[in-house]
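Input: a single structure, listed below in structure tokens.
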Amino acid sequence: MAQQEDNLLKKIISHAKEYGFIFPSSEIYDGLSAVYDYGQNGVELKNNIKEYWWKFMTTLHDNIVGIDAAIFMHPTTWKASGHVDAFNDPMVDNRDSKKRYRADQLIEGYVEKQEEKIEKEVEKAAKRFGETFNRELFLTTNPRVTEIRKKAEEANARLKEAMGSGDMQALRQLLDDLEIACPVSGTRNWTEVRQFNLMFSTEMGSVADDASKIYLRPETAQGIFVNYLNVQKTGRMKLPFGIAQIGKAFRNEIVARQFIFRMREFEQMEMQFFIRPGEEMKWYEHWKEKRMRWHQALGLGTDNHRFHDHLNLAHYANAACDIQFNFPMGFRELEGIHSRTDFDLGNHEKFSGKKIQYFDPETNQGYVPYVVETSIGLDRMFLAVLSNAYQEEALASKEGEEGNERVVLRIPAPLAPFKVAVLPLIKKDGLPEKAQEIINLLRFDFRCYYEEKDAIGKRYRRMDAIGTPYCITVDHQTLTDGTVTLRDRDSMQQQRMAIEALPDFLRGHCSISNLLRKL
Ligand code: ATP
């Protein structure tokens, strides 16, 4: 990671802690690696993201319902899903730096670097040739580019082969052949590559002999699959239909760095869409487009999202892509969209001995439905919103002296922890009482913040730092004509507004329903 990006992430981490968004877990005992707690402001932002997702997926779709399955599941679930045998990551250590890596990620990093090299060649040539430059022709004929591409494709093919067959020696050989060095020590002094299963396990039952090994779920999806029949029957659902769920998942990640991007306990928002076999590509495209629209509606910047097709498909998928987001560390996976075929339901049928079929009244046939899944990490979405919102700004307006700075979180207003702060200009003359009256008018629809301490400028700064989109200041004029000053977080512009007009104004700008209406 470049120095500047690293610094930005560090600033975001310390801001998140200082302002009650995210704390290291059990911090008084020096924390627990890759586990975090959400504080008083973080939980509000997180709940708002959940609401935005839940309402979009369920309320706006007649054919999608939600469930909330338990974290513990029958252990055979994870045999059937392939997680016991195949949910492994290849782990490798550098003997000099003592750092641990995922071997596949080191190799993927190498492939990405080759792509970057090609882009640099393209940029150079475009400058050289000017208007006559033909990108496609250059990419297919330039000897240097074709050579780099060949190397990248070979590396990728060998990676795919080794991952597919679980050949750890081949991965190790690839590290050597590609001359991949440890980013920390710079040496190629690697240990053997070993398989590591990412599932956490524990024992269930009080008597040691009877106790059986169970797992903390590594994905929420299986809770949906094992409930497919229950929901389809009791909800009288007809294909195509979906089941959505938000819940915790646990993975004993080998390399858990980069704050809440990769955690060992995290939350997923997943939807499994059940369809007729053969229609998967249509629905795959459908959900790609819909999910991208959901992201873009937040206004985090059209250029900050992109699709990335999976080169190496997981064991259950016949098509898969990620929606990547431009995090401080660069473009990384935020959400996955996967065509999972009938892999999961078919295997649960096999392992449970129960028939998991849908009788299609249109074709008069019974079959195991196919599935297209959308799967987004809630914590990664939180990081996307937070990192995009964080800005340091010089203040030249009347709110600051020249040279002053403010840190402002430009969180999309419908997701902000507090929608509005109500601030009496001074602590007397009935202004605090008037402010409380306004809060009582607004609090049923909007999370409000009350604050009477310190100069008004300081209070504005504190609200900027937690991303409150509007501040309402109550002054002496309020007592005579029923108007307040409404200050906008982003522009810092102020306007006078009647108290009765506040609910409609805030609904228009800060409600999740209004955001959903635009989709
Ligand atoms: P990665 O390649 O980054 O490990 P993945 O492809 O294993 O992710 P999926 O199994 O597709 O991830 O999980 C779906 C989503 O869950 C991801 O897009 C991501 O947002 C989130 N997610 C997965 N692992 C973690 C984690 N350790 N911490 C936080 N979020 C995660």
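The chains in the structure tokens are called A, B, ... from first to last as shown; in each chain the residues are counted from 1, and the ligands are counted from 1 in the order shown.
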
Selection: 8 Å around Leu300 in chain A, only C-alpha atoms, excl. self and same-chain fewer than 5 positions, as an mmCIF file with C-alpha atoms, in the first residue's frame:
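Done, and the output landed in out_31.cif:
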```cif
data_model
loop_
_atom_site.group_PDB
_atom_site.id
_atom_site.type_symbol
_atom_site.label_atom_id
_atom_site.label_comp_id
_atom_site.auth_asym_id
_atom_site.auth_seq_id
_atom_site.Cartn_x
_atom_site.Cartn_y
_atom_site.Cartn_z
ATOM 1 C CA HIS A 295 -24.565 1.220 -4.555
ATOM 2 C CA VAL A 385 -19.127 4.713 3.412
ATOM 3 C CA ASN A 388 -15.484 7.874 1.247
#
```

Neighbours of ligand 1 within 9 Å, counting only C-alpha atoms and all ligand atoms, as a JSON list (two decimals) with N, CA and C atoms, in the first residue's frame?
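The resulting file, result_23.json, is shown below:
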```json
[["chain", "number", "residue", "atom", "x", "y", "z"],
["A", 34, "ALA", "N", -8.22, -8.58, 14.73],
["A", 34, "ALA", "CA", -9.24, -8.60, 13.67],
["A", 34, "ALA", "C", -10.67, -8.76, 14.18],
["A", 105, "GLN", "N", -3.04, -15.12, -2.75],
["A", 105, "GLN", "CA", -3.10, -13.65, -2.86],
["A", 105, "GLN", "C", -1.77, -13.06, -3.33],
["A", 218, "PRO", "N", -19.49, -19.95, 8.55],
["A", 218, "PRO", "CA", -18.57, -19.07, 7.84],
["A", 218, "PRO", "C", -19.28, -18.22, 6.78],
["A", 219, "GLU", "N", -20.57, -18.50, 6.56],
["A", 219, "GLU", "CA", -21.39, -17.68, 5.66],
["A", 219, "GLU", "C", -22.84, -17.86, 6.09],
["A", 249, "ALA", "N", -21.10, -13.87, 10.53],
["A", 249, "ALA", "CA", -20.35, -14.99, 9.97],
["A", 249, "ALA", "C", -18.95, -14.94, 10.59],
["A", 250, "PHE", "N", -18.28, -16.08, 10.60],
["A", 250, "PHE", "CA", -16.98, -16.18, 11.29],
["A", 250, "PHE", "C", -15.97, -16.89, 10.39],
["A", 251, "ARG", "N", -14.82, -16.30, 10.23],
["A", 251, "ARG", "CA", -13.77, -16.96, 9.45],
["A", 251, "ARG", "C", -12.43, -16.73, 10.15],
["A", 252, "ASN", "N", -11.71, -17.81, 10.33],
["A", 252, "ASN", "CA", -10.41, -17.70, 10.96],
["A", 252, "ASN", "C", -9.38, -17.28, 9.91],
["A", 253, "GLU", "N", -9.49, -16.02, 9.46],
["A", 253, "GLU", "CA", -8.68, -15.53, 8.36],
["A", 253, "GLU", "C", -7.19, -15.63, 8.69],
["A", 256, "ALA", "N", -5.41, -11.09, 8.57],
["A", 256, "ALA", "CA", -6.52, -10.19, 8.86],
["A", 256, "ALA", "C", -5.94, -8.81, 9.14],
["A", 260, "ILE", "N", -11.56, -3.02, 9.39],
["A", 260, "ILE", "CA", -12.75, -3.86, 9.30],
["A", 260, "ILE", "C", -12.95, -4.45, 7.91],
["A", 261, "PHE", "N", -11.96, -4.31, 7.03],
["A", 261, "PHE", "CA", -12.08, -4.91, 5.69],
["A", 261, "PHE", "C", -12.05, -6.44, 5.80],
["A", 262, "ARG", "N", -11.17, -6.97, 6.60],
["A", 262, "ARG", "CA", -11.08, -8.42, 6.78],
["A", 262, "ARG", "C", -11.07, -8.73, 8.27],
["A", 263, "MET", "N", -12.20, -9.21, 8.76],
["A", 263, "MET", "CA", -12.33, -9.49, 10.19],
["A", 263, "MET", "C", -12.51, -10.98, 10.41],
["A", 264, "ARG", "N", -12.39, -11.39, 11.66],
["A", 264, "ARG", "CA", -12.64, -12.82, 11.95],
["A", 264, "ARG", "C", -14.10, -13.03, 12.36],
["A", 265, "GLU", "N", -14.73, -12.00, 12.87],
["A", 265, "GLU", "CA", -16.18, -12.03, 13.10],
["A", 265, "GLU", "C", -16.76, -10.86, 12.35],
["A", 266, "PHE", "N", -17.68, -11.12, 11.44],
["A", 266, "PHE", "CA", -18.22, -10.02, 10.64],
["A", 266, "PHE", "C", -19.68, -10.29, 10.32],
["A", 267, "GLU", "N", -20.28, -9.35, 9.59],
["A", 267, "GLU", "CA", -21.69, -9.53, 9.27],
["A", 267, "GLU", "C", -21.90, -9.52, 7.78],
["A", 268, "GLN", "N", -22.79, -10.40, 7.32],
["A", 268, "GLN", "CA", -23.08, -10.46, 5.89],
["A", 268, "GLN", "C", -24.54, -10.12, 5.64],
["A", 269, "MET", "N", -24.80, -9.58, 4.46],
["A", 269, "MET", "CA", -26.19, -9.36, 4.02],
["A", 269, "MET", "C", -26.30, -10.14, 2.72],
["A", 270, "GLU", "N", -27.02, -11.26, 2.79],
["A", 270, "GLU", "CA", -27.04, -12.15, 1.63],
["A", 270, "GLU", "C", -28.47, -12.40, 1.16],
["A", 314, "ALA", "N", -15.22, -20.36, -7.71],
["A", 314, "ALA", "CA", -15.31, -21.24, -6.54],
["A", 314, "ALA", "C", -15.94, -22.56, -6.97],
["A", 322, "ASP", "N", -17.37, -9.68, -8.70],
["A", 322, "ASP", "CA", -17.42, -8.83, -7.51],
["A", 322, "ASP", "C", -17.83, -7.43, -7.94],
["A", 323, "ILE", "N", -18.47, -6.73, -7.03],
["A", 323, "ILE", "CA", -18.53, -5.28, -7.17],
["A", 323, "ILE", "C", -17.39, -4.78, -6.30],
["A", 324, "GLN", "N", -16.44, -4.14, -6.93],
["A", 324, "GLN", "CA", -15.29, -3.63, -6.15],
["A", 324, "GLN", "C", -15.52, -2.16, -5.84],
["A", 332, "ARG", "N", -11.08, -2.98, -4.15],
["A", 332, "ARG", "CA", -11.16, -4.29, -3.50],
["A", 332, "ARG", "C", -12.62, -4.76, -3.49],
["A", 333, "GLU", "N", -12.78, -6.07, -3.31],
["A", 333, "GLU", "CA", -14.14, -6.64, -3.28],
["A", 333, "GLU", "C", -14.99, -6.07, -2.16],
["A", 334, "LEU", "N", -16.19, -5.64, -2.54],
["A", 334, "LEU", "CA", -17.17, -5.18, -1.56],
["A", 334, "LEU", "C", -18.35, -6.15, -1.52],
["A", 335, "GLU", "N", -18.74, -6.63, -2.68],
["A", 335, "GLU", "CA", -19.90, -7.53, -2.77],
["A", 335, "GLU", "C", -19.63, -8.58, -3.82],
["A", 336, "GLY", "N", -20.16, -9.77, -3.62],
["A", 336, "GLY", "CA", -20.02, -10.83, -4.62],
["A", 336, "GLY", "C", -21.37, -11.18, -5.21],
["A", 337, "ILE", "N", -21.41, -11.41, -6.51],
["A", 337, "ILE", "CA", -22.64, -11.89, -7.15],
["A", 337, "ILE", "C", -22.28, -13.21, -7.82],
["A", 338, "HIS", "N", -22.95, -14.28, -7.39],
["A", 338, "HIS", "CA", -22.53, -15.61, -7.81],
["A", 338, "HIS", "C", -23.70, -16.41, -8.36],
["A", 374, "THR", "N", -26.59, -12.78, -4.07],
["A", 374, "THR", "CA", -25.87, -11.50, -3.89],
["A", 374, "THR", "C", -25.40, -11.49, -2.43],
["A", 375, "SER", "N", -24.12, -11.20, -2.23],
["A", 375, "SER", "CA", -23.56, -11.32, -0.89],
["A", 375, "SER", "C", -22.63, -10.15, -0.60],
["A", 376, "ILE", "N", -23.04, -9.34, 0.36],
["A", 376, "ILE", "CA", -22.23, -8.15, 0.68],
["A", 376, "ILE", "C", -21.86, -8.16, 2.15],
["A", 377, "GLY", "N", -20.63, -7.76, 2.43],
["A", 377, "GLY", "CA", -20.18, -7.66, 3.81],
["A", 377, "GLY", "C", -20.63, -6.32, 4.37],
["A", 378, "LEU", "N", -21.38, -6.39, 5.48],
["A", 378, "LEU", "CA", -21.90, -5.15, 6.09],
["A", 378, "LEU", "C", -20.74, -4.28, 6.57],
["A", 379, "ASP", "N", -19.73, -4.91, 7.14],
["A", 379, "ASP", "CA", -18.61, -4.13, 7.68],
["A", 379, "ASP", "C", -17.80, -3.49, 6.55],
["A", 380, "ARG", "N", -17.67, -4.22, 5.44],
["A", 380, "ARG", "CA", -16.96, -3.62, 4.29],
["A", 380, "ARG", "C", -17.73, -2.45, 3.73],
["A", 381, "MET", "N", -19.07, -2.59, 3.75],
["A", 381, "MET", "CA", -19.91, -1.48, 3.27],
["A", 381, "MET", "C", -19.75, -0.28, 4.21]]
```

Sel. of strand (DSSP E) residues, range 92-198 of chain A, as a list of chain:residue names: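 Those in range 92-198 of chain A that DSSP calls strand (DSSP E) are A:Val92, A:Asp93, A:Arg100, A:Tyr101, A:Arg102, A:Arg194, A:Gln195, A:Phe196, A:Asn197.
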
Selected residue of minimal separation from Tyr19 in chain A among A:Lys98, A:Arg462, A:Arg487, A:His509, counting only C-alpha atoms: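 The answer is A:Arg462, which sits nearest to Tyr19 in chain A.
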
Pick from A:Asn142, A:Gln495, A:Gln357, A:Thr363 nearest to Leu229 in chain A, counting only C-alpha atoms: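 Result for the nearest residue to Leu229 in chain A: A:Gln357.
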
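Residue nearest Thr485 in chain A within the list A:Thr468, A:Gln232, A:Ala421, A:Leu516: A:Ala421 [criterion: smallest interatomic distance, only C-alpha atoms].
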
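If you measure from each of A:Leu383, A:Ala70, A:Met237, A:Ile148 to Glu112 in chain A using only C-alpha atoms, the closest one turns out to be A:Ile148.
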
10 Å contact set for His61 in chain A, only C-alpha atoms, chain neighbours under 4 positions out, as a PyMOL selection string: chain A and resi 55-57+65+241-242

Generate the output file for the selected residues, C-alpha atoms, as a PDB file, in the first residue's frame.
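Output file part05.pdb is given in full below:
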```pdb
ATOM      1  CA  LYS A  55     -35.889  -2.482   2.564  1.00  0.00           C
ATOM      2  CA  PHE A  56     -34.434  -2.512  -0.923  1.00  0.00           C
ATOM      3  CA  MET A  57     -34.226  -6.298  -1.054  1.00  0.00           C
ATOM      4  CA  VAL A  65     -38.780 -12.569   1.977  1.00  0.00           C
ATOM      5  CA  PHE A 241     -38.269 -15.924  -5.507  1.00  0.00           C
ATOM      6  CA  GLY A 242     -35.600 -14.895  -3.033  1.00  0.00           C
TER       7      GLY A 242
END
```

For range 452-460 of chain A: contacts at 9 Å, only C-alpha atoms, fewer than 6 positions along chain excluded, given as a PyMOL selection string: chain A and resi 399-400+421-427+432+471+473+487+489

Take the residues that were just selected and, keeping C-alpha atoms, output them as a PDB file, in the first residue's frame.
```pdb
ATOM      1  CA  GLU A 399     -17.012  29.598  10.600  1.00  0.00           C
ATOM      2  CA  GLY A 400     -13.239  29.482  10.874  1.00  0.00           C
ATOM      3  CA  ALA A 421     -28.451  18.466  16.040  1.00  0.00           C
ATOM      4  CA  VAL A 422     -30.548  20.989  17.937  1.00  0.00           C
ATOM      5  CA  LEU A 423     -28.389  23.639  19.570  1.00  0.00           C
ATOM      6  CA  PRO A 424     -29.574  26.508  21.781  1.00  0.00           C
ATOM      7  CA  LEU A 425     -27.314  29.495  21.088  1.00  0.00           C
ATOM      8  CA  ILE A 426     -26.957  30.130  24.827  1.00  0.00           C
ATOM      9  CA  LYS A 427     -27.857  28.162  27.929  1.00  0.00           C
ATOM     10  CA  PRO A 432     -32.772  25.214  25.915  1.00  0.00           C
ATOM     11  CA  CYS A 471     -27.631  21.645  12.677  1.00  0.00           C
ATOM     12  CA  THR A 473     -29.648  26.693  16.064  1.00  0.00           C
ATOM     13  CA  ARG A 487     -26.941  24.868   8.794  1.00  0.00           C
ATOM     14  CA  ARG A 489     -22.903  20.196   6.916  1.00  0.00           C
TER      15      ARG A 489
END
```

A:Asn326, A:Thr191, A:Asn318, A:Ser206 ranked by distance to Leu171 in chain A, top pick (using only C-alpha atoms):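 Using only C-alpha atoms, Leu171 in chain A sits closest to A:Thr191.
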
Shell around Gly166 in chain A at 10 Å using only C-alpha atoms, local window under 5 positions removed, as a list in words: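 What passes the distance filter is Ala86, Asn88, Asp89, Pro90, Lys160, Glu161, Leu171, Arg194 and Gln195 of chain A.
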
Shortest interatomic distance to Cys321 in chain A - which of A:Met492, A:Ile275, A:Ile22, A:Val372, counting only C-alpha atoms: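 Smallest distance to Cys321 in chain A is found for A:Val372.
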
DSSP alpha helix (DSSP H) selection over range 157-326 of chain A, as a ChimeraX atom specification: /A:157-165,168-177,221-225,228-234,280-296

Contacts of Val84 in chain A at 10 Å (only C-alpha atoms; same-chain gap of 4+ positions) as a ChimeraX atom specification: /A:75-80,88,197-199,215

Would you output that residue set with C-alpha atoms, as a short mmCIF file (atom, residue, chain, number, x, y, z; two decimals), in the first residue's frame?
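Okay, this is what ended up in selection05.cif:
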```
data_model
loop_
_atom_site.label_atom_id
_atom_site.label_comp_id
_atom_site.auth_asym_id
_atom_site.auth_seq_id
_atom_site.Cartn_x
_atom_site.Cartn_y
_atom_site.Cartn_z
CA PRO A 75 -22.57 -30.14 11.42
CA THR A 76 -23.54 -32.09 8.29
CA THR A 77 -24.55 -28.76 6.75
CA TRP A 78 -20.87 -27.94 6.34
CA LYS A 79 -20.07 -31.34 4.87
CA ALA A 80 -22.80 -30.82 2.27
CA ASN A 88 -9.21 -23.75 2.99
CA ASN A 197 -9.38 -24.46 7.16
CA LEU A 198 -11.07 -21.16 7.95
CA MET A 199 -13.95 -22.47 10.05
CA TYR A 215 -18.95 -24.82 13.61
#
```
